[in-house]
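Trainee: This is input-v3.pdb, which holds PDB, C-alpha atoms:
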```pdb
ATOM      1  CA  LYS A   1      12.202  92.730  42.130
ATOM      2  CA  TYR A   2       9.635  89.932  42.004
ATOM      3  CA  LEU A   3       7.808  91.331  45.036
ATOM      4  CA  LEU A   4       7.791  94.792  43.499
ATOM      5  CA  ARG A   5       6.276  93.445  40.284
ATOM      6  CA  LEU A   6       3.768  91.436  42.299
ATOM      7  CA  LYS A   7       2.817  94.496  44.335
ATOM      8  CA  ASP A   8       2.190  96.447  41.142
ATOM      9  CA  SER A   9      -0.068  93.718  39.756
ATOM     10  CA  LEU A  10      -2.221  93.167  42.869
ATOM     11  CA  THR A  11      -4.615  95.332  44.824
ATOM     12  CA  THR A  12      -3.422  96.437  48.246
ATOM     13  CA  GLU A  13      -5.775  94.024  49.992
ATOM     14  CA  ARG A  14      -4.778  91.055  47.825
ATOM     15  CA  TYR A  15      -1.080  91.795  48.376
ATOM     16  CA  ARG A  16      -1.625  91.886  52.136
ATOM     17  CA  GLN A  17      -3.346  88.507  51.942
ATOM     18  CA  LEU A  18      -0.948  86.665  49.632
ATOM     19  CA  VAL A  19       2.426  88.162  50.575
ATOM     20  CA  GLU A  20       2.066  89.497  54.098
ATOM     21  CA  GLY A  21      -0.200  86.672  55.254
ATOM     22  CA  GLU A  22      -2.762  89.038  56.737
ATOM     23  CA  TRP A  23      -6.230  87.663  57.398
ATOM     24  CA  LEU A  24      -8.876  89.952  55.931
ATOM     25  CA  PRO A  25     -12.486  89.178  56.888
ATOM     26  CA  ASP A  26     -15.273  89.378  54.308
ATOM     27  CA  TRP A  27     -17.626  91.258  56.649
ATOM     28  CA  SER A  28     -17.360  93.467  59.714
ATOM     29  CA  PRO A  29     -20.201  93.857  62.238
ATOM     30  CA  SER A  30     -19.400  97.577  62.443
ATOM     31  CA  ALA A  31     -19.663  98.085  58.662
ATOM     32  CA  VAL A  32     -22.529 100.145  57.244
ATOM     33  CA  TRP A  33     -23.455  97.484  54.679
ATOM     34  CA  GLU A  34     -24.587  93.912  55.144
ATOM     35  CA  LYS A  35     -24.257  91.302  52.409
ATOM     36  CA  ARG A  36     -27.997  91.333  51.795
ATOM     37  CA  ASP A  37     -27.823  95.067  50.968
ATOM     38  CA  ILE A  38     -25.748  94.535  47.812
ATOM     39  CA  HIS A  39     -27.556  93.289  44.718
ATOM     40  CA  PHE A  40     -25.724  91.871  41.714
ATOM     41  CA  VAL A  41     -27.810  92.020  38.555
ATOM     42  CA  ASP A  42     -27.411  92.060  34.803
ATOM     43  CA  CYS A  43     -28.469  95.262  33.081
ATOM     44  CA  HIS A  44     -29.760  95.101  29.528
ATOM     45  CA  PRO A  45     -28.256  97.791  27.247
ATOM     46  CA  SER A  46     -31.762  98.983  26.350
ATOM     47  CA  HIS A  47     -32.169 100.266  29.923
ATOM     48  CA  VAL A  48     -28.993 102.389  29.850
ATOM     49  CA  ARG A  49     -29.628 106.133  29.503
ATOM     50  CA  GLY A  50     -26.061 107.348  29.978
ATOM     51  CA  TRP A  51     -22.753 106.810  31.749
ATOM     52  CA  CYS A  52     -20.957 108.429  34.648
ATOM     53  CA  ILE A  53     -17.707 107.997  36.557
ATOM     54  CA  GLY A  54     -17.194 108.791  40.231
ATOM     55  CA  VAL A  55     -13.743 109.815  41.426
ATOM     56  CA  ASP A  56     -12.395 110.201  44.947
ATOM     57  CA  PRO A  57      -9.041 111.819  44.071
ATOM     58  CA  SER A  58      -5.655 111.096  45.558
ATOM     59  CA  ALA A  59      -3.028 113.821  45.511
ATOM     60  CA  SER A  60      -0.034 111.499  45.214
ATOM     61  CA  GLY A  61       0.886 107.977  44.226
ATOM     62  CA  GLY A  62       3.468 107.156  46.863
ATOM     63  CA  GLU A  63       3.608 103.925  48.839
ATOM     64  CA  ASP A  64       1.834 105.552  51.791
ATOM     65  CA  ALA A  65      -0.772 107.344  49.678
ATOM     66  CA  ASP A  66      -4.434 106.430  49.639
ATOM     67  CA  GLU A  67      -5.892 104.931  46.498
ATOM     68  CA  CYS A  68      -7.771 107.020  44.002
ATOM     69  CA  GLY A  69     -11.319 105.685  43.989
ATOM     70  CA  ILE A  70     -12.620 105.333  40.409
ATOM     71  CA  VAL A  71     -16.027 103.750  39.815
ATOM     72  CA  VAL A  72     -17.945 103.524  36.526
ATOM     73  CA  ALA A  73     -21.744 103.315  36.464
ATOM     74  CA  ALA A  74     -24.592 103.299  33.987
ATOM     75  CA  LEU A  75     -27.550 105.623  34.473
ATOM     76  CA  THR A  76     -30.516 103.328  33.931
ATOM     77  CA  ASP A  77     -34.296 103.403  34.090
ATOM     78  CA  TYR A  78     -34.003 102.047  37.630
ATOM     79  CA  GLY A  79     -31.094 104.022  39.096
ATOM     80  CA  LEU A  80     -27.326 103.614  39.145
ATOM     81  CA  HIS A  81     -25.798 100.364  37.956
ATOM     82  CA  VAL A  82     -22.123 100.100  38.907
ATOM     83  CA  THR A  83     -20.177  98.222  36.244
ATOM     84  CA  GLU A  84     -16.461  98.795  36.855
ATOM     85  CA  ASP A  85     -14.047  99.498  39.680
ATOM     86  CA  LEU A  86     -10.917 101.085  38.224
ATOM     87  CA  SER A  87      -9.509 102.312  41.545
ATOM     88  CA  MET A  88      -5.738 102.461  41.803
ATOM     89  CA  ARG A  89      -2.806 103.802  43.773
ATOM     90  CA  ALA A  90      -1.079 106.017  41.222
ATOM     91  CA  LYS A  91       0.140 109.536  40.593
ATOM     92  CA  PRO A  92      -2.504 112.054  39.499
ATOM     93  CA  SER A  93      -1.134 112.098  35.965
ATOM     94  CA  VAL A  94      -1.743 108.338  35.733
ATOM     95  CA  TRP A  95      -5.183 107.985  37.298
ATOM     96  CA  SER A  96      -6.512 111.104  35.574
ATOM     97  CA  ALA A  97      -5.438 109.660  32.201
ATOM     98  CA  VAL A  98      -7.318 106.431  32.974
ATOM     99  CA  VAL A  99     -10.430 108.393  33.949
ATOM    100  CA  ALA A 100     -10.245 110.629  30.878
ATOM    101  CA  ASP A 101      -9.794 107.682  28.490
ATOM    102  CA  ARG A 102     -12.750 105.774  29.971
ATOM    103  CA  ALA A 103     -14.953 108.879  30.053
ATOM    104  CA  ARG A 104     -14.272 109.654  26.396
ATOM    105  CA  ALA A 105     -14.908 106.037  25.397
ATOM    106  CA  LEU A 106     -18.304 106.008  27.123
ATOM    107  CA  GLY A 107     -19.267 109.650  26.673
ATOM    108  CA  ALA A 108     -19.482 109.753  30.463
ATOM    109  CA  THR A 109     -19.741 112.666  32.868
ATOM    110  CA  VAL A 110     -17.092 112.555  35.601
ATOM    111  CA  TYR A 111     -18.122 113.433  39.164
ATOM    112  CA  VAL A 112     -15.100 114.377  41.259
ATOM    113  CA  GLU A 113     -15.294 114.740  45.018
ATOM    114  CA  ALA A 114     -14.293 118.360  45.499
ATOM    115  CA  ASN A 115     -12.926 117.995  49.034
ATOM    116  CA  LEU A 116      -9.579 117.018  47.513
ATOM    117  CA  ALA A 117     -10.141 118.064  43.904
ATOM    118  CA  ALA A 118      -8.978 121.612  44.572
ATOM    119  CA  SER A 119      -5.705 120.492  46.147
ATOM    120  CA  ALA A 120      -5.170 117.983  43.355
ATOM    121  CA  GLU A 121      -5.729 120.648  40.721
ATOM    122  CA  ARG A 122      -3.127 122.849  42.368
ATOM    123  CA  LEU A 123      -0.617 120.166  41.489
ATOM    124  CA  GLU A 124      -0.955 121.266  37.855
ATOM    125  CA  GLU A 125       1.352 124.143  38.742
ATOM    126  CA  SER A 126       4.053 121.731  39.871
ATOM    127  CA  THR A 127       7.163 121.338  37.727
ATOM    128  CA  ASP A 128       6.851 117.579  38.202
ATOM    129  CA  GLY A 129       4.749 116.412  35.277
ATOM    130  CA  ASP A 130       3.941 113.140  37.039
ATOM    131  CA  GLN A 131       1.937 115.088  39.596
ATOM    132  CA  GLU A 132      -0.359 116.737  37.044
ATOM    133  CA  TYR A 133      -4.096 116.232  37.453
ATOM    134  CA  ASN A 134      -5.812 116.752  34.112
ATOM    135  CA  LEU A 135      -9.058 115.633  32.460
ATOM    136  CA  PRO A 136      -8.963 117.228  28.983
ATOM    137  CA  GLY A 137     -12.091 117.105  26.855
ATOM    138  CA  VAL A 138     -14.173 115.516  29.605
ATOM    139  CA  ARG A 139     -17.351 116.908  31.160
ATOM    140  CA  THR A 140     -16.344 117.180  34.807
ATOM    141  CA  VAL A 141     -18.536 118.023  37.786
ATOM    142  CA  ARG A 142     -17.294 118.921  41.259
ATOM    143  CA  VAL A 143     -19.270 117.268  44.028
ATOM    144  CA  TYR A 144     -19.135 118.780  47.502
ATOM    145  CA  VAL A 145     -19.594 116.139  50.174
ATOM    146  CA  ARG A 146     -20.275 117.053  53.784
ATOM    147  CA  GLY A 147     -20.161 115.166  57.068
ATOM    148  CA  ALA A 148     -18.263 112.231  58.520
ATOM    149  CA  LYS A 149     -17.702 109.289  56.211
ATOM    150  CA  GLN A 150     -20.094 106.934  58.009
ATOM    151  CA  LEU A 151     -22.828 109.576  57.709
ATOM    152  CA  ARG A 152     -22.156 109.860  53.982
ATOM    153  CA  HIS A 153     -22.285 106.090  53.599
ATOM    154  CA  ALA A 154     -25.590 105.481  55.390
ATOM    155  CA  PRO A 155     -27.854 106.932  52.638
ATOM    156  CA  LEU A 156     -25.794 105.031  50.083
ATOM    157  CA  ALA A 157     -26.368 101.769  51.932
ATOM    158  CA  ILE A 158     -30.111 102.434  51.989
ATOM    159  CA  ALA A 159     -30.054 103.128  48.243
ATOM    160  CA  CYS A 160     -28.309  99.793  47.722
ATOM    161  CA  ARG A 161     -30.786  97.997  49.959
ATOM    162  CA  VAL A 162     -33.786  99.224  47.942
ATOM    163  CA  LYS A 163     -31.974  98.571  44.632
ATOM    164  CA  ASP A 164     -31.602 102.206  43.606
ATOM    165  CA  ILE A 165     -27.949 101.232  43.230
ATOM    166  CA  THR A 166     -27.085  97.813  41.829
ATOM    167  CA  PHE A 167     -23.842  96.139  40.825
ATOM    168  CA  ALA A 168     -22.650  94.095  37.876
ATOM    169  CA  PRO A 169     -22.117  90.397  38.710
ATOM    170  CA  SER A 170     -18.428  90.762  37.769
ATOM    171  CA  LEU A 171     -17.916  92.980  40.856
ATOM    172  CA  GLU A 172     -18.999  90.276  43.297
ATOM    173  CA  GLY A 173     -16.009  89.324  45.434
ATOM    174  CA  GLY A 174     -14.045  92.349  44.233
ATOM    175  CA  GLU A 175     -12.333  95.034  46.280
ATOM    176  CA  LEU A 176     -15.169  97.575  46.079
ATOM    177  CA  VAL A 177     -17.647  95.130  47.570
ATOM    178  CA  ARG A 178     -15.134  93.897  50.133
ATOM    179  CA  GLN A 179     -14.568  97.498  51.225
ATOM    180  CA  MET A 180     -18.311  98.055  51.563
ATOM    181  CA  LEU A 181     -18.616  95.004  53.789
ATOM    182  CA  THR A 182     -15.550  95.577  55.945
ATOM    183  CA  TRP A 183     -14.847  99.306  56.206
ATOM    184  CA  SER A 184     -15.588 100.782  59.603
ATOM    185  CA  PRO A 185     -15.018 104.253  61.088
ATOM    186  CA  LEU A 186     -13.032 102.408  63.740
ATOM    187  CA  LEU A 187     -10.312 101.562  61.205
ATOM    188  CA  ARG A 188      -7.121 103.546  61.526
ATOM    189  CA  GLY A 189      -3.724 103.614  59.882
ATOM    190  CA  LYS A 190      -2.238 103.414  56.417
ATOM    191  CA  HIS A 191      -4.581 102.645  53.524
ATOM    192  CA  SER A 192      -7.683 102.679  55.740
ATOM    193  CA  SER A 193      -9.555 105.303  53.713
ATOM    194  CA  PRO A 194     -12.695 103.975  51.931
ATOM    195  CA  ASP A 195     -11.771 105.515  48.581
ATOM    196  CA  ARG A 196     -13.831 103.154  46.438
ATOM    197  CA  ILE A 197     -16.966 103.749  48.498
ATOM    198  CA  ASP A 198     -16.370 107.501  48.410
ATOM    199  CA  ALA A 199     -16.237 107.349  44.599
ATOM    200  CA  VAL A 200     -19.743 105.845  44.668
ATOM    201  CA  VAL A 201     -20.792 108.593  47.110
ATOM    202  CA  ALA A 202     -19.603 111.168  44.557
ATOM    203  CA  LEU A 203     -21.614 109.397  41.848
ATOM    204  CA  ARG A 204     -24.774 109.218  43.911
ATOM    205  CA  GLN A 205     -24.631 112.783  45.138
ATOM    206  CA  GLY A 206     -23.473 114.185  41.814
ATOM    207  CA  THR A 207     -26.323 112.651  39.838
ATOM    208  CA  GLN A 208     -28.932 113.796  42.351
ATOM    209  CA  SER A 209     -27.897 117.253  43.539
ATOM    210  CA  ASN A 210     -26.896 120.704  42.391
ATOM    211  CA  THR A 211     -23.270 120.627  41.317
ATOM    212  CA  VAL A 212     -20.576 122.895  39.940
ATOM    213  CA  TYR A 213     -19.403 122.247  36.371
ATOM    214  CA  VAL A 214     -15.728 122.828  35.581
TER     215      VAL A 214
END
```
Would you write out, as structure tokens, the structure that this file holds?

Mentor:
Amino acid sequence: KYLLRLKDSLTTERYRQLVEGEWLPDWSPSAVWEKRDIHFVDCHPSHVRGWCIGVDPSASGGEDADECGIVVAALTDYGLHVTEDLSMRAKPSVWSAVVADRARALGATVYVEANLAASAERLEESTDGDQEYNLPGVRTVRVYVRGAKQLRHAPLAIACRVKDITFAPSLEGGELVRQMLTWSPLLRGKHSSPDRIDAVVALRQGTQSNTVYV
């Protein structure tokens, strides 16, 4: 029971480190990002022009399921400023409630990667209420992302390098940044999907391209 409670309170990576004794490096030579590409800065409220949330949906919350990537960012005079990583492994009814609550609190637009959004929405027809994906009262935009993941990530890394995308100091050392520095297309197996990065991809593409409002 203690391990179950501990697993619920820790991220997947932290659990693997503390409980399973797995060594997780802080950078991979095959990763798209280098440490120097990621800039941690403070953003004065006077520079904020709006808020947005990027979501890389998960269709289930089981032990073998991928996480739902959820990233909050401010739209500023200088680009995107990522402030929160709310990613979690949870059923659609849980993560969608978290997204909806945060979006309403900030008045944020939610950008949902549409590759899985359609399958997640089909879960609304399920008789299992825990599988329901729902964002009531929230301005939601479907973002259609094309190409292999590493090809999606490369423009994002360039945007980070030139400071079109910056990060709040509180995210330094967190799981989003660790994923940016260690994820590689060579990774395989359970929980190897870069869901947090893909949430930022949805944000970047959604705020810059033609999208479909739902």

Trainee: Take the point (-27.4, 102.2, 27.4) as written in the file and pick out every residue within 12 Å of it, counting all atoms listed in the file; give the list as a PDB file with C-alpha atoms, in the coordinates of the input.

Mentor:
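Once written, result20.pdb looks like this:
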```pdb
ATOM      1  CA  CYS A  43     -28.469  95.262  33.081  1.00  0.00           C
ATOM      2  CA  HIS A  44     -29.760  95.101  29.528  1.00  0.00           C
ATOM      3  CA  PRO A  45     -28.256  97.791  27.247  1.00  0.00           C
ATOM      4  CA  SER A  46     -31.762  98.983  26.350  1.00  0.00           C
ATOM      5  CA  HIS A  47     -32.169 100.266  29.923  1.00  0.00           C
ATOM      6  CA  VAL A  48     -28.993 102.389  29.850  1.00  0.00           C
ATOM      7  CA  ARG A  49     -29.628 106.133  29.503  1.00  0.00           C
ATOM      8  CA  GLY A  50     -26.061 107.348  29.978  1.00  0.00           C
ATOM      9  CA  TRP A  51     -22.753 106.810  31.749  1.00  0.00           C
ATOM     10  CA  CYS A  52     -20.957 108.429  34.648  1.00  0.00           C
ATOM     11  CA  ALA A  73     -21.744 103.315  36.464  1.00  0.00           C
ATOM     12  CA  ALA A  74     -24.592 103.299  33.987  1.00  0.00           C
ATOM     13  CA  LEU A  75     -27.550 105.623  34.473  1.00  0.00           C
ATOM     14  CA  THR A  76     -30.516 103.328  33.931  1.00  0.00           C
ATOM     15  CA  ASP A  77     -34.296 103.403  34.090  1.00  0.00           C
ATOM     16  CA  LEU A  80     -27.326 103.614  39.145  1.00  0.00           C
ATOM     17  CA  HIS A  81     -25.798 100.364  37.956  1.00  0.00           C
ATOM     18  CA  LEU A 106     -18.304 106.008  27.123  1.00  0.00           C
ATOM     19  CA  GLY A 107     -19.267 109.650  26.673  1.00  0.00           C
ATOM     20  CA  ALA A 108     -19.482 109.753  30.463  1.00  0.00           C
TER      21      ALA A 108
END
```

Trainee: Point out the residue among A:Asp195, A:Val138, A:Cys160, A:Val200 with the least atom-to-atom distance to Ala97 of chain A, counting only C-alpha atoms.

Mentor: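 Of A:Asp195, A:Val138, A:Cys160, A:Val200, the one nearest Ala97 of chain A, counting only C-alpha atoms, is A:Val138.
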
Trainee: Here is a test: counting only C-alpha atoms, which residue of A:Pro136, A:Pro194, A:Gly54, A:Pro155 is nearest to Asp85 of chain A?

Mentor: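 For Asp85 of chain A, the nearest of the candidates is A:Gly54.
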
Trainee: Could you tell me how far atom CA of Gly69 of chain A sits from atom CA of Glu84 of chain A, in Å to one decimal place?

Mentor: 11.2 Å

Trainee: Please expand the PyMOL selection byres ((chain A and resi 202) around 12) into the concrete residues it hits in this file, giving the result as number ranges by chain.

Mentor: A: 52-57, 69-73, 109-117, 140-146, 149, 152-153, 156, 195-201, 203-209, 211

Trainee: Quick one: residues within 6 Å of segment 172-181 of chain A, all atoms listed in the file, excluding same-chain residues fewer than 3 positions away - as a list in words?

Mentor: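 Contacts, in chain order: Trp27, Ala31, Trp33, Pro169 and Arg196 of chain A.
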
Trainee: Restricted to C-alpha atoms, what would the selected residues look like written as a compact mmCIF listing (two decimals), keeping the file's coordinate frame?

Mentor:
```txt
# COMPACT_ATOMS: atom_id res chain seq x y z
CA TRP A 27 -17.63 91.26 56.65
CA ALA A 31 -19.66 98.08 58.66
CA TRP A 33 -23.46 97.48 54.68
CA PRO A 169 -22.12 90.40 38.71
CA ARG A 196 -13.83 103.15 46.44
```

Trainee: So, with all atoms listed in the file as the atoms that count, which of A:Arg102, A:Arg139, A:Lys163, A:Lys91 lies closest to Phe40 of chain A?

Mentor: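 Nearest to Phe40 of chain A: A:Lys163.
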
Trainee: State, in Å with one decimal place, the distance from atom CA of Arg104 of chain A to atom CA of Ala90 of chain A.

Mentor: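 Computing the Euclidean distance for atom CA of Arg104 of chain A and atom CA of Ala90 of chain A yields 20.2 Å.
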
Trainee: With all atoms listed in the file as the basis for distance, which of A:Ser93, A:Gln150, A:Thr166, A:Thr182 is at the shortest distance from Ile38 of chain A?

Mentor: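 Using all atoms listed in the file, the shortest distance to Ile38 of chain A belongs to A:Thr166.
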
Trainee: Could you jot down the atom CA of Arg89 of chain A to atom CA of Cys68 of chain A separation for me, Å, one decimal place?

Mentor: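 Computing the Euclidean distance for atom CA of Arg89 of chain A and atom CA of Cys68 of chain A yields 5.9 Å.
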
Trainee: Output as lines of an AutoDock Vina configuration file the centre and edge lengths (Å, one decimal) of the box along x, y and z of the file that holds every listed atom of segment 86-105 of chain A after adding 8 Å on each side.

Mentor:
```
center_x = -7.4
center_y = 106.6
center_z = 34.6
size_x = 31.1
size_y = 27.0
size_z = 34.4
```

Trainee: For the file shown, what are the residues hit by the PyMOL selection byres ((chain A and resi 168) around 6), laid out as a PyMOL selection string?

Mentor: chain A and resi 40-41+83+167+169-171

Trainee: In terms of the shortest atom-to-atom distance over only C-alpha atoms, which of A:Ser184, A:Ala159, A:Ser96, A:Glu34 is closest to Tyr78 of chain A?

Mentor: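 Once distances to Tyr78 of chain A are computed over only C-alpha atoms, the minimum belongs to A:Ala159.
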